[in-house]
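Please read the structure below before turning to the comments.
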Amino acid sequence: MATSIVDPPVLLERRNQRFLALAVICLAELLVVLDNTIVNVALPSIGVELATGVSGLQWVVDAYTLTFAGLLLAFGNLGDRYGRRKVMAIGLIGVAVMSVGGALSDSMGAVITARAAMGVFAAAVFPATLALIINIFTDRRERALAIAAWTAMAGFAIAIGPISGGWLLEHFSWHSVFWINVPVALAALIATLLWVPESRSAHVGKLDLPGIALSIAGITLLVWSIIEAPRYGWLSVTTLTAGALGVALLAAFIAWELRTAAPILDMRLFRNRRFSMPALSIAIGYFSMFGFLFLITQYFQGVREYTPLEFGIASLPFAFSVAIGAPVATLLAQRWGTTPVIVFGLLLTGLGLYLGGQVTVDSGYLTDVLPSMVSMALGLAIVQGPATESIMSSLPLNEAGAGSAVNDTTREIGGTLGVAVLGSIVASYYTTRVEPLLDRVPSALMNENQKSLVAASPLSVLELRKRELPAFLESQRENLITAMKSAALQGSHAASLVAAGAVVVCALIVAVFLPWGAAQDGESVLLGWRKSAESPCDQPE
């Protein structure tokens, strides 16, 4: 039998091309994930200029993540069908265009609409990034390292949002957090067309439009009911009806996916514990992290009164911890197994959340705040890499786009619910404690519109502090600011404990149900699928 010999320089060139493509893919990923968090640091400026409260600010964050999460499965399927690089390129163009729309917005409705549209196109980019990595890196060890780099970039992008946004707001208006996307998207687009190879699946089913519609409607209604609960009341007819309808639609989605011949989300995937348990871990990890980032925005800028740049600098250890933890955890998982590493990461995340729930207005940054952030970030990073590698190793190459979309969807749904649930807990505590105090505030200190803004968001502390007042009103203002900070902290403490409890429960479930040994040969074949070597693989171009 004839054998082919490839010269070492050719092998080196191919290797370099793979890692160049990885760098480009990580740049596209950076853009998408950064959009999830860079807006956080601009929330106080947006809230004051556009006169909105916690609910409006939650929608600025969740409008993006809702459309993003709702369409990841659809675009993962389209990438498998028409070409992942092609779909990713379209997404990059759309993010650039919609970012211009966000930068030119002058009302809360326009900002939320632009953010939702950005989420649509970001959903075209994100599944393609991981699917392309899976197809470019076929060696298991190289693939694990590439996934570790992808994971580290995702976490790093989430964490550097505050520092980049803080620098922009120090020099420009809040509109700059949208403008910055345009050159990055264009650079990523050009590099993608030059250096990233195309791939598509050899076999794809029909596009599941009913499944897409049911999932988006169900998630949106459920999240809306949670975010608006502090406004309408947790037990009001509006909240309960919207929540129940959202749950019913999601139940209908699951029933449809189990019945249809070409589901957008194959529910049978979750029968494989090496797929379902890591997916649960990622969802809960992102639930806690997105909620945590929303809470520390309130804490640093509302309670401690940091400037946006100071907030960004203070959160840098979070970024470094994520960047360090993700690749290390992937290597440890190869040596010790996925389960112990994920369980340890979840428990470390829970510890960080618990410590975060103990901080006060006067807590020391180095002694109290920093340990919480580092523990939270390291824990999340330790979970992400091994969990993602386990999910993707459970699938054949031919299903890389769909598998990547499932992996990404669990993150974004978890993150969306994190902002909704934890943000609403803070809003409920804050509003019920501050509103009675505002009734006793004289009109000379603030008018009714200003009272409404103060009652809606602890971030209004910054605006209240800036106002020049007569000397006899200074003490009243200081008393009100102290009460606002105390109410915000009480809400944050409760939310942190809720998140910590969710993470610890998840760790116990994973410890019990996820196998502790290494995956055996053939265990990565899911529900009768053949390994990629035995089945039609993706078609490169």
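Letters A, B, ... go to the chains of the structure tokens in the order shown; residues in each chain start at 1; ligands are counted from 1 in the same order.
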- Quick one: residues within 9 Å of A:Gly352, only C-alpha atoms counted, chain neighbours fewer than 3 positions away excluded, as a PyMOL selection string? chain A and resi 347-349+355-357+371-377+379+500
Saved selection, atoms kept: N, CA and C atoms, as a CSV table (one decimal), in the first residue's frame:
```
chain,number,residue,atom,x,y,z
A,347,LEU,N,-17.8,24.6,42.9
A,347,LEU,CA,-17.7,24.9,44.3
A,347,LEU,C,-16.9,26.2,44.6
A,348,LEU,N,-15.9,26.4,43.8
A,348,LEU,CA,-15.1,27.6,43.9
A,348,LEU,C,-15.9,28.8,43.5
A,349,THR,N,-16.8,28.7,42.4
A,349,THR,CA,-17.7,29.7,42.0
A,349,THR,C,-18.7,30.1,43.1
A,355,LEU,N,-18.8,34.9,49.2
A,355,LEU,CA,-18.0,36.0,49.7
A,355,LEU,C,-18.5,37.4,49.2
A,356,GLY,N,-19.0,37.4,48.0
A,356,GLY,CA,-19.6,38.6,47.4
A,356,GLY,C,-20.8,39.1,48.1
A,357,GLY,N,-21.5,38.1,48.7
A,357,GLY,CA,-22.7,38.4,49.4
A,357,GLY,C,-22.4,39.0,50.8
A,371,PRO,N,-10.9,38.8,46.8
A,371,PRO,CA,-11.1,37.4,46.9
A,371,PRO,C,-12.4,36.9,46.3
A,372,SER,N,-13.4,37.6,46.4
A,372,SER,CA,-14.7,37.2,45.8
A,372,SER,C,-14.6,37.1,44.3
A,373,MET,N,-14.1,38.2,43.7
A,373,MET,CA,-14.0,38.2,42.2
A,373,MET,C,-13.1,37.1,41.7
A,374,VAL,N,-11.9,37.0,42.3
A,374,VAL,CA,-10.9,36.0,41.9
A,374,VAL,C,-11.5,34.6,42.0
A,375,SER,N,-12.1,34.3,43.1
A,375,SER,CA,-12.7,32.9,43.3
A,375,SER,C,-13.8,32.7,42.3
A,376,MET,N,-14.7,33.7,42.1
A,376,MET,CA,-15.8,33.5,41.1
A,376,MET,C,-15.2,33.3,39.7
A,377,ALA,N,-14.2,34.1,39.3
A,377,ALA,CA,-13.7,34.0,37.9
A,377,ALA,C,-12.9,32.7,37.7
A,379,GLY,N,-13.3,29.9,39.3
A,379,GLY,CA,-14.3,28.8,39.3
A,379,GLY,C,-15.0,28.7,38.0
A,500,ALA,N,-25.3,31.5,44.8
A,500,ALA,CA,-24.4,30.5,45.4
A,500,ALA,C,-25.1,29.2,45.6
```
- What lies within 12 Å of A:Ala502 using only C-alpha atoms, ignoring chain neighbours under 2 positions off, as number ranges by chain? A: 280-281, 283-289, 346-347, 349-351, 353-354, 414, 418, 421-422, 495-500, 504-509
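Minimum atom-to-atom distance to A:Lys485, evaluated using only C-alpha atoms, belongs to A:Val303 out of A:Ile163, A:Met108, A:Leu222, A:Val303.
Using only C-alpha atoms, the nearest neighbour of A:Phe253 within the list A:Pro230, A:Leu235, A:Ala217, A:Glu412 is A:Ala217.
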- Query: If we count only C-alpha atoms, what is near A:Thr37 at a cut-off of 8 Å, once residues fewer than 2 positions away on the same chain are taken out, given as a PyMOL selection string?
  - Reply: chain A and resi 33-35+39-41+61+158-159+161-162+293
- Query: Quick one, how far is atom CA of A:Leu78 from atom CA of A:Gly246?
  - Reply: 25.9 Å
- Provide the atom CA of A:Val328 to atom CA of A:Ile147 distance in Å, to one decimal place. 11.8 Å
- Query: If you measure from atom CA of A:Leu438 to atom CA of A:Tyr306, what distance in Å do you get, rounded to one decimal?
  - Reply: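 If I compute the distance from atom CA of A:Leu438 to atom CA of A:Tyr306, I get 24.2 Å.
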- Message: Which residues are near A:Arg84? Cut-off 12 Å, only C-alpha atoms, ignore same chain within fewer than 2 positions. Put them as a PyMOL selection string.
- Response: chain A and resi 25+75-82+86-91+124-136+192-193+196-201+400-402+404-405+538-541
- Among the residues A:Ala185, A:Ala103, A:Leu72, A:Leu57, the one that comes closest to A:Glu29 [using only C-alpha atoms]: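 So, comparing all the options, the nearest one is A:Ala185.
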- Residues near A:Lys206, cut-off 9 Å, only C-alpha atoms, skip fewer than 2 positions along chain, as a ChimeraX atom specification: /A:204,208-209,261-264
Go ahead and save the picked residues with N, CA, C and O atoms, as a PDB file, in the first residue's frame.
```
ATOM      1  N   VAL A 204     -27.811  17.676   6.363  1.00  0.00           N
ATOM      2  CA  VAL A 204     -28.601  18.493   7.284  1.00  0.00           C
ATOM      3  C   VAL A 204     -30.085  18.266   6.993  1.00  0.00           C
ATOM      4  O   VAL A 204     -30.475  18.012   5.858  1.00  0.00           O
ATOM      5  N   ASP A 208     -36.103  23.847  11.303  1.00  0.00           N
ATOM      6  CA  ASP A 208     -37.226  23.669  12.224  1.00  0.00           C
ATOM      7  C   ASP A 208     -37.797  25.035  12.637  1.00  0.00           C
ATOM      8  O   ASP A 208     -37.536  25.522  13.736  1.00  0.00           O
ATOM      9  N   LEU A 209     -38.603  25.644  11.770  1.00  0.00           N
ATOM     10  CA  LEU A 209     -39.161  26.962  12.049  1.00  0.00           C
ATOM     11  C   LEU A 209     -40.122  26.970  13.240  1.00  0.00           C
ATOM     12  O   LEU A 209     -40.060  27.886  14.073  1.00  0.00           O
ATOM     13  N   ALA A 261     -39.118  15.343  12.871  1.00  0.00           N
ATOM     14  CA  ALA A 261     -38.051  14.534  12.267  1.00  0.00           C
ATOM     15  C   ALA A 261     -36.720  15.268  12.227  1.00  0.00           C
ATOM     16  O   ALA A 261     -35.652  14.637  12.247  1.00  0.00           O
ATOM     17  N   ALA A 262     -36.738  16.605  12.151  1.00  0.00           N
ATOM     18  CA  ALA A 262     -35.500  17.384  12.059  1.00  0.00           C
ATOM     19  C   ALA A 262     -35.536  18.491  13.110  1.00  0.00           C
ATOM     20  O   ALA A 262     -35.751  19.663  12.792  1.00  0.00           O
ATOM     21  N   PRO A 263     -35.323  18.152  14.380  1.00  0.00           N
ATOM     22  CA  PRO A 263     -35.425  19.144  15.450  1.00  0.00           C
ATOM     23  C   PRO A 263     -34.273  20.148  15.425  1.00  0.00           C
ATOM     24  O   PRO A 263     -33.142  19.797  15.074  1.00  0.00           O
ATOM     25  N   ILE A 264     -34.567  21.396  15.796  1.00  0.00           N
ATOM     26  CA  ILE A 264     -33.514  22.395  15.921  1.00  0.00           C
ATOM     27  C   ILE A 264     -32.655  22.100  17.142  1.00  0.00           C
ATOM     28  O   ILE A 264     -31.470  22.428  17.212  1.00  0.00           O
TER      29      ILE A 264
END
```
- Task: Could you check which of A:Ser105, A:Thr360, A:Ser492, A:Thr338 is closest to A:Ala427, using only C-alpha atoms?
- Result: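 Of the candidates, the smallest distance to A:Ala427 is held by A:Ser492.
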- Item | Using only C-alpha atoms: which of A:Ile254, A:Phe292, A:Leu27, A:Leu66 has the shortest distance to A:Arg268 | A:Ile254
